[in-house]
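Source file: target-v5.cif. Holds: mmCIF, C-alpha atoms.
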```
data_my_file
loop_
_atom_site.group_PDB
_atom_site.id
_atom_site.type_symbol
_atom_site.label_atom_id
_atom_site.label_comp_id
_atom_site.auth_asym_id
_atom_site.auth_seq_id
_atom_site.Cartn_x
_atom_site.Cartn_y
_atom_site.Cartn_z
ATOM 1 C CA MET A 1 -1.772 24.790 -11.033
ATOM 2 C CA ARG A 2 -2.959 22.546 -8.166
ATOM 3 C CA ASN A 3 -5.130 20.556 -10.510
ATOM 4 C CA ALA A 4 -2.117 19.979 -12.766
ATOM 5 C CA TYR A 5 -0.440 17.943 -10.036
ATOM 6 C CA ARG A 6 -3.589 15.922 -9.365
ATOM 7 C CA VAL A 7 -3.740 15.263 -13.092
ATOM 8 C CA LEU A 8 -0.066 14.109 -12.971
ATOM 9 C CA LEU A 9 -0.867 11.404 -10.428
ATOM 10 C CA GLY A 10 -4.050 10.490 -12.276
ATOM 11 C CA CYS A 11 -2.189 10.215 -15.600
ATOM 12 C CA VAL A 12 0.389 7.886 -14.087
ATOM 13 C CA LEU A 13 -2.370 5.617 -12.776
ATOM 14 C CA VAL A 14 -4.326 5.734 -16.047
ATOM 15 C CA GLN A 15 -1.171 4.952 -18.055
ATOM 16 C CA ALA A 16 -0.379 2.048 -15.776
ATOM 17 C CA ALA A 17 -3.934 0.690 -15.779
ATOM 18 C CA ALA A 18 -4.157 0.916 -19.566
ATOM 19 C CA ALA A 19 -0.931 -1.055 -19.869
ATOM 20 C CA HIS A 20 -2.355 -4.063 -18.016
ATOM 21 C CA ALA A 21 -5.485 -6.108 -18.663
ATOM 22 C CA ALA A 22 -8.127 -6.601 -15.983
ATOM 23 C CA GLN A 23 -7.461 -9.573 -13.701
ATOM 24 C CA PRO A 24 -8.968 -10.858 -10.450
ATOM 25 C CA ARG A 25 -8.386 -8.329 -7.661
ATOM 26 C CA THR A 26 -6.018 -10.081 -5.280
ATOM 27 C CA ALA A 27 -5.589 -13.639 -6.596
ATOM 28 C CA GLY A 28 -2.075 -15.020 -6.157
ATOM 29 C CA PHE A 29 -0.822 -12.535 -3.570
ATOM 30 C CA ASN A 30 0.811 -13.328 -0.256
ATOM 31 C CA GLU A 31 -0.152 -10.102 1.530
ATOM 32 C CA CYS A 32 -2.073 -6.930 0.769
ATOM 33 C CA TRP A 33 -2.203 -3.503 2.413
ATOM 34 C CA LYS A 34 -4.642 -0.610 2.265
ATOM 35 C CA ALA A 35 -3.280 2.904 2.681
ATOM 36 C CA ARG A 36 -5.184 6.172 3.107
ATOM 37 C CA PHE A 37 -3.738 9.524 2.164
ATOM 38 C CA GLN A 38 -4.973 12.961 3.213
ATOM 39 C CA GLU A 39 -2.436 15.271 1.558
ATOM 40 C CA GLN A 40 -0.331 15.349 -1.593
ATOM 41 C CA LEU A 41 2.865 17.333 -2.143
ATOM 42 C CA SER A 42 3.766 18.070 -5.771
ATOM 43 C CA GLY A 43 6.298 20.105 -7.639
ATOM 44 C CA GLU A 44 9.613 20.293 -9.399
ATOM 45 C CA VAL A 45 12.463 18.297 -7.850
ATOM 46 C CA ARG A 46 16.182 17.869 -8.213
ATOM 47 C CA GLU A 47 18.030 14.641 -7.595
ATOM 48 C CA LYS A 48 20.885 14.171 -5.214
ATOM 49 C CA ASN A 49 24.096 13.657 -7.147
ATOM 50 C CA THR A 50 26.418 12.808 -4.268
ATOM 51 C CA SER A 51 26.493 9.944 -1.813
ATOM 52 C CA GLY A 52 25.853 10.034 1.891
ATOM 53 C CA GLY A 53 22.866 10.326 4.209
ATOM 54 C CA PRO A 54 19.560 11.945 3.307
ATOM 55 C CA HIS A 55 20.341 15.518 4.565
ATOM 56 C CA GLY A 56 16.899 16.829 3.643
ATOM 57 C CA TYR A 57 16.423 14.601 0.621
ATOM 58 C CA THR A 58 13.454 12.264 0.191
ATOM 59 C CA TYR A 59 14.339 8.614 -0.405
ATOM 60 C CA SER A 60 13.328 7.257 -3.805
ATOM 61 C CA TYR A 61 14.392 4.205 -5.793
ATOM 62 C CA GLU A 62 15.168 6.404 -8.782
ATOM 63 C CA GLY A 63 17.404 8.613 -6.645
ATOM 64 C CA ASP A 64 16.901 10.711 -3.555
ATOM 65 C CA PHE A 65 15.305 14.069 -4.367
ATOM 66 C CA ARG A 66 14.671 17.480 -2.880
ATOM 67 C CA TRP A 67 11.970 19.984 -3.797
ATOM 68 C CA VAL A 68 12.915 22.986 -5.926
ATOM 69 C CA GLY A 69 11.252 25.762 -3.971
ATOM 70 C CA GLU A 70 8.154 24.909 -1.968
ATOM 71 C CA PRO A 71 5.993 21.999 -3.124
ATOM 72 C CA LYS A 72 2.298 22.570 -3.730
ATOM 73 C CA THR A 73 0.184 20.992 -1.000
ATOM 74 C CA VAL A 74 -3.315 19.824 -1.883
ATOM 75 C CA PRO A 75 -5.847 17.752 0.043
ATOM 76 C CA ALA A 76 -6.093 14.193 -1.245
ATOM 77 C CA ALA A 77 -8.763 11.830 0.005
ATOM 78 C CA THR A 78 -7.148 8.835 -1.676
ATOM 79 C CA GLN A 79 -7.028 5.152 -0.807
ATOM 80 C CA TYR A 80 -4.693 2.542 -2.370
ATOM 81 C CA VAL A 81 -4.664 -1.223 -2.088
ATOM 82 C CA PHE A 82 -1.342 -2.816 -2.992
ATOM 83 C CA CYS A 83 -0.174 -6.392 -2.710
ATOM 84 C CA PHE A 84 3.060 -8.388 -2.566
ATOM 85 C CA ARG A 85 3.678 -11.876 -3.885
ATOM 86 C CA LYS A 86 5.491 -14.373 -1.677
ATOM 87 C CA ARG A 87 8.657 -14.522 -3.806
ATOM 88 C CA LEU A 88 10.653 -11.306 -3.933
ATOM 89 C CA ASP A 89 11.317 -11.731 -7.675
ATOM 90 C CA ASP A 90 7.588 -12.004 -8.434
ATOM 91 C CA GLY A 91 6.936 -8.405 -7.348
ATOM 92 C CA GLY A 92 3.452 -7.193 -6.595
ATOM 93 C CA ALA A 93 0.699 -4.919 -7.839
ATOM 94 C CA LEU A 94 -1.356 -1.832 -7.171
ATOM 95 C CA ILE A 95 -5.078 -2.644 -7.332
ATOM 96 C CA VAL A 96 -7.096 0.071 -9.094
ATOM 97 C CA GLY A 97 -10.749 -0.845 -9.515
ATOM 98 C CA ASP A 98 -10.740 -4.113 -11.451
ATOM 99 C CA HIS A 99 -7.166 -3.662 -12.707
ATOM 100 C CA GLN A 100 -3.879 -4.911 -11.331
ATOM 101 C CA ILE A 101 -0.982 -2.619 -12.175
ATOM 102 C CA GLU A 102 2.008 -4.958 -12.048
ATOM 103 C CA LEU A 103 5.037 -3.555 -10.252
ATOM 104 C CA GLY A 104 8.510 -4.929 -9.605
ATOM 105 C CA ARG A 105 9.921 -5.290 -6.133
ATOM 106 C CA VAL A 106 13.079 -3.436 -5.139
ATOM 107 C CA GLY A 107 15.705 -5.926 -3.984
ATOM 108 C CA SER A 108 14.646 -8.647 -6.417
ATOM 109 C CA VAL A 109 16.869 -9.756 -9.276
ATOM 110 C CA LYS A 110 14.676 -7.644 -11.577
ATOM 111 C CA LEU A 111 14.981 -4.477 -9.444
ATOM 112 C CA PRO A 112 18.159 -4.738 -7.360
ATOM 113 C CA PRO A 113 19.084 -2.311 -4.580
ATOM 114 C CA LEU A 114 20.167 0.999 -6.039
ATOM 115 C CA VAL A 115 23.869 1.846 -5.926
ATOM 116 C CA HIS A 116 24.603 5.512 -5.251
ATOM 117 C CA GLU A 117 28.028 6.671 -6.381
ATOM 118 C CA SER A 118 30.255 9.719 -6.276
ATOM 119 C CA ALA A 119 33.866 10.257 -7.326
ATOM 120 C CA ASN A 120 35.393 8.359 -4.418
ATOM 121 C CA TYR A 121 32.520 6.734 -2.527
ATOM 122 C CA SER A 122 29.620 4.409 -3.245
ATOM 123 C CA TYR A 123 27.011 2.622 -1.180
ATOM 124 C CA THR A 124 24.089 0.315 -1.766
ATOM 125 C CA SER A 125 20.720 1.186 -0.304
ATOM 126 C CA THR A 126 20.341 -0.937 2.801
ATOM 127 C CA ARG A 127 16.591 -0.718 3.343
ATOM 128 C CA ASP A 128 15.434 -4.080 4.691
ATOM 129 C CA HIS A 129 13.233 -5.783 2.096
ATOM 130 C CA TYR A 130 11.013 -7.372 4.727
ATOM 131 C CA ASP A 131 10.278 -4.424 7.038
ATOM 132 C CA PHE A 132 10.427 -1.819 4.245
ATOM 133 C CA PRO A 133 9.305 -3.479 0.974
ATOM 134 C CA THR A 134 9.078 -1.227 -2.076
ATOM 135 C CA LEU A 135 7.119 -1.718 -5.297
ATOM 136 C CA TYR A 136 8.259 0.144 -8.413
ATOM 137 C CA GLY A 137 7.141 0.508 -12.004
ATOM 138 C CA SER A 138 8.005 2.754 -14.925
ATOM 139 C CA PHE A 139 5.531 3.495 -17.696
ATOM 140 C CA SER A 140 5.711 5.007 -21.157
ATOM 141 C CA THR A 141 2.969 5.854 -23.603
ATOM 142 C CA PRO A 142 3.653 7.283 -27.064
ATOM 143 C CA GLY A 143 3.228 11.053 -27.047
ATOM 144 C CA LYS A 144 3.324 11.351 -23.247
ATOM 145 C CA PRO A 145 6.246 11.815 -20.862
ATOM 146 C CA ASP A 146 7.681 8.699 -19.223
ATOM 147 C CA SER A 147 6.589 8.307 -15.631
ATOM 148 C CA SER A 148 7.227 6.092 -12.634
ATOM 149 C CA LEU A 149 5.286 4.955 -9.594
ATOM 150 C CA GLU A 150 6.859 3.819 -6.333
ATOM 151 C CA ILE A 151 5.071 2.478 -3.256
ATOM 152 C CA GLN A 152 7.137 2.156 -0.078
ATOM 153 C CA LEU A 153 5.672 0.237 2.868
ATOM 154 C CA ASP A 154 6.991 0.690 6.406
ATOM 155 C CA ARG A 155 5.669 -2.341 8.300
ATOM 156 C CA VAL A 156 7.162 -1.100 11.583
ATOM 157 C CA ARG A 157 5.311 2.245 11.602
ATOM 158 C CA LYS A 158 2.393 0.945 9.492
ATOM 159 C CA THR A 159 2.712 3.717 6.932
ATOM 160 C CA ALA A 160 2.927 3.823 3.147
ATOM 161 C CA THR A 161 4.580 6.379 0.897
ATOM 162 C CA VAL A 162 3.698 6.881 -2.768
ATOM 163 C CA VAL A 163 6.085 8.722 -5.088
ATOM 164 C CA THR A 164 5.279 9.420 -8.736
ATOM 165 C CA ARG A 165 7.821 11.063 -10.997
ATOM 166 C CA THR A 166 7.620 12.434 -14.524
ATOM 167 C CA ASN A 167 10.143 14.257 -16.680
ATOM 168 C CA ASN A 168 8.179 16.639 -18.872
ATOM 169 C CA GLY A 169 11.258 17.584 -20.917
ATOM 170 C CA LYS A 170 11.821 20.791 -18.980
ATOM 171 C CA ALA A 171 11.948 19.578 -15.402
ATOM 172 C CA GLU A 172 11.606 16.532 -13.171
ATOM 173 C CA VAL A 173 8.216 16.693 -11.433
ATOM 174 C CA ALA A 174 7.192 14.547 -8.457
ATOM 175 C CA SER A 175 4.134 13.882 -6.331
ATOM 176 C CA TYR A 176 4.490 12.551 -2.802
ATOM 177 C CA MET A 177 1.902 11.148 -0.406
ATOM 178 C CA GLN A 178 2.341 9.462 2.967
ATOM 179 C CA GLY A 179 -0.398 7.867 5.046
ATOM 180 C CA ASP A 180 -1.419 5.117 7.433
ATOM 181 C CA ALA A 181 -1.456 1.526 6.146
ATOM 182 C CA VAL A 182 -3.273 -1.544 7.440
ATOM 183 C CA PRO A 183 -2.999 -5.153 6.276
ATOM 184 C CA VAL A 184 -6.006 -6.594 4.434
ATOM 185 C CA ASP A 185 -6.781 -10.160 3.394
ATOM 186 C CA PRO A 186 -5.544 -11.039 -0.106
#
```
For the file at hand, write its structure as structure tokens.
Amino acid sequence: MRNAYRVLLGCVLVQAAAAHAAQPRTAGFNECWKARFQEQLSGEVREKNTSGGPHGYTYSYEGDFRWVGEPKTVPAATQYVFCFRKRLDDGGALIVGDHQIELGRVGSVKLPPLVHESANYSYTSTRDHYDFPTLYGSFSTPGKPDSSLEIQLDRVRKTATVVTRTNNGKAEVASYMQGDAVPVDP
């Protein structure tokens, strides 16, 4: 079962890499970060369907979520390099080998802040787009479940969070990693 969750994250990255042609590693980027992850949490999740603070939910662009039961914890010696372009609307990319996986930037015109609503209350996510920039992409491949990849950078704490989500038709499944991040030259 543990390997199934590693395969989930791997499939998301393979889908994304296959969707984009190889390009120069970091050409055209304003800033890049390298993040290292030691542990991955994976499992079935349920989304928050009411507004308000987090109350045990994990923040995600697609909607805050909470684990159903206990998530599986597996060691993950993983390193990501991800980059942002200067203009918010131009997004950024995850660099995987010689591939750039293009991602949108939350807060841009293309990916606006998410509005959470309930019967009598709504709010817009107020995460600062400079101190807490977020890259997001959704991917679909015929015959495979749709998936998404989200990279959240916290410049203040110098950490990065990666959330992948897939709906396999029976349940919403997520993988979550958080680790230290350092700036690297683009």
Give me, please, the distance in Å between atom CA of A:Val162 and atom CA of A:Pro142, quoted to one decimal.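 So the answer is 24.3 Å.
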Step by step, work through what the PyMOL selection byres ((chain A and resi 58) around 10) selects in the shown file, and finish by giving those residues as a list in words. Glu47, Lys48, Pro54, His55, Gly56, Tyr57, Tyr59, Ser60, Gly63, Asp64, Phe65, Arg66, Trp67, Val163 and Tyr176 of chain A
Matched chain/residue IDs from the PyMOL selection byres ((chain A and resi 76) around 6), as a list in words: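 When the PyMOL selection byres ((chain A and resi 76) around 6) is applied, the selected residues are Gln38, Glu39, Gln40, Pro75, Ala77 and Thr78 of chain A.
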Counting all atoms listed in the file, the option among A:Ser108, A:Ile101, A:Tyr80, A:Arg46 closest to A:Cys32: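 Among A:Ser108, A:Ile101, A:Tyr80, A:Arg46, it is A:Tyr80 that comes nearest to A:Cys32.
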Atom pair atom CA of A:Leu135 / atom CA of A:Pro186: separation (Å):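 Pair atom CA of A:Leu135 / atom CA of A:Pro186 returns 16.6 Å.
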All residues 7 Å or closer to A:Phe84, all atoms listed in the file, same chain fewer than 5 positions away omitted, as number ranges by chain: A: 29-32, 91-93
Report the residues retrieved by the PyMOL selection byres ((chain A and resi 83) around 12) from the displayed file, expressed as an MDAnalysis selection string. chainID A and resid 25:35 80:82 84:86 88 90:96 100:105 133:135 151:153 181:186
Take the residues just selected and output them with C-alpha atoms as a tab-separated table (two decimals), in the coordinates of the input.
```tsv
chain	number	residue	atom	x	y	z
A	25	ARG	CA	-8.39	-8.33	-7.66
A	26	THR	CA	-6.02	-10.08	-5.28
A	27	ALA	CA	-5.59	-13.64	-6.60
A	28	GLY	CA	-2.08	-15.02	-6.16
A	29	PHE	CA	-0.82	-12.54	-3.57
A	30	ASN	CA	0.81	-13.33	-0.26
A	31	GLU	CA	-0.15	-10.10	1.53
A	32	CYS	CA	-2.07	-6.93	0.77
A	33	TRP	CA	-2.20	-3.50	2.41
A	34	LYS	CA	-4.64	-0.61	2.26
A	35	ALA	CA	-3.28	2.90	2.68
A	80	TYR	CA	-4.69	2.54	-2.37
A	81	VAL	CA	-4.66	-1.22	-2.09
A	82	PHE	CA	-1.34	-2.82	-2.99
A	84	PHE	CA	3.06	-8.39	-2.57
A	85	ARG	CA	3.68	-11.88	-3.88
A	86	LYS	CA	5.49	-14.37	-1.68
A	88	LEU	CA	10.65	-11.31	-3.93
A	90	ASP	CA	7.59	-12.00	-8.43
A	91	GLY	CA	6.94	-8.40	-7.35
A	92	GLY	CA	3.45	-7.19	-6.60
A	93	ALA	CA	0.70	-4.92	-7.84
A	94	LEU	CA	-1.36	-1.83	-7.17
A	95	ILE	CA	-5.08	-2.64	-7.33
A	96	VAL	CA	-7.10	0.07	-9.09
A	100	GLN	CA	-3.88	-4.91	-11.33
A	101	ILE	CA	-0.98	-2.62	-12.18
A	102	GLU	CA	2.01	-4.96	-12.05
A	103	LEU	CA	5.04	-3.56	-10.25
A	104	GLY	CA	8.51	-4.93	-9.60
A	105	ARG	CA	9.92	-5.29	-6.13
A	133	PRO	CA	9.30	-3.48	0.97
A	134	THR	CA	9.08	-1.23	-2.08
A	135	LEU	CA	7.12	-1.72	-5.30
A	151	ILE	CA	5.07	2.48	-3.26
A	152	GLN	CA	7.14	2.16	-0.08
A	153	LEU	CA	5.67	0.24	2.87
A	181	ALA	CA	-1.46	1.53	6.15
A	182	VAL	CA	-3.27	-1.54	7.44
A	183	PRO	CA	-3.00	-5.15	6.28
A	184	VAL	CA	-6.01	-6.59	4.43
A	185	ASP	CA	-6.78	-10.16	3.39
A	186	PRO	CA	-5.54	-11.04	-0.11
```
Residue among A:Phe132, A:Met177, A:Lys144, A:Gln79 lying closest to A:Lys158, counting all atoms listed in the file: A:Phe132
Across A:His129, A:Arg157, A:His99, A:Lys170, the smallest distance to A:Leu111, with all atoms listed in the file counted, is shown by A:His129
What does the structure give for the distance between atom CA of A:Gly97 and atom CA of A:Ser140, in Å to one decimal? 21.0 Å
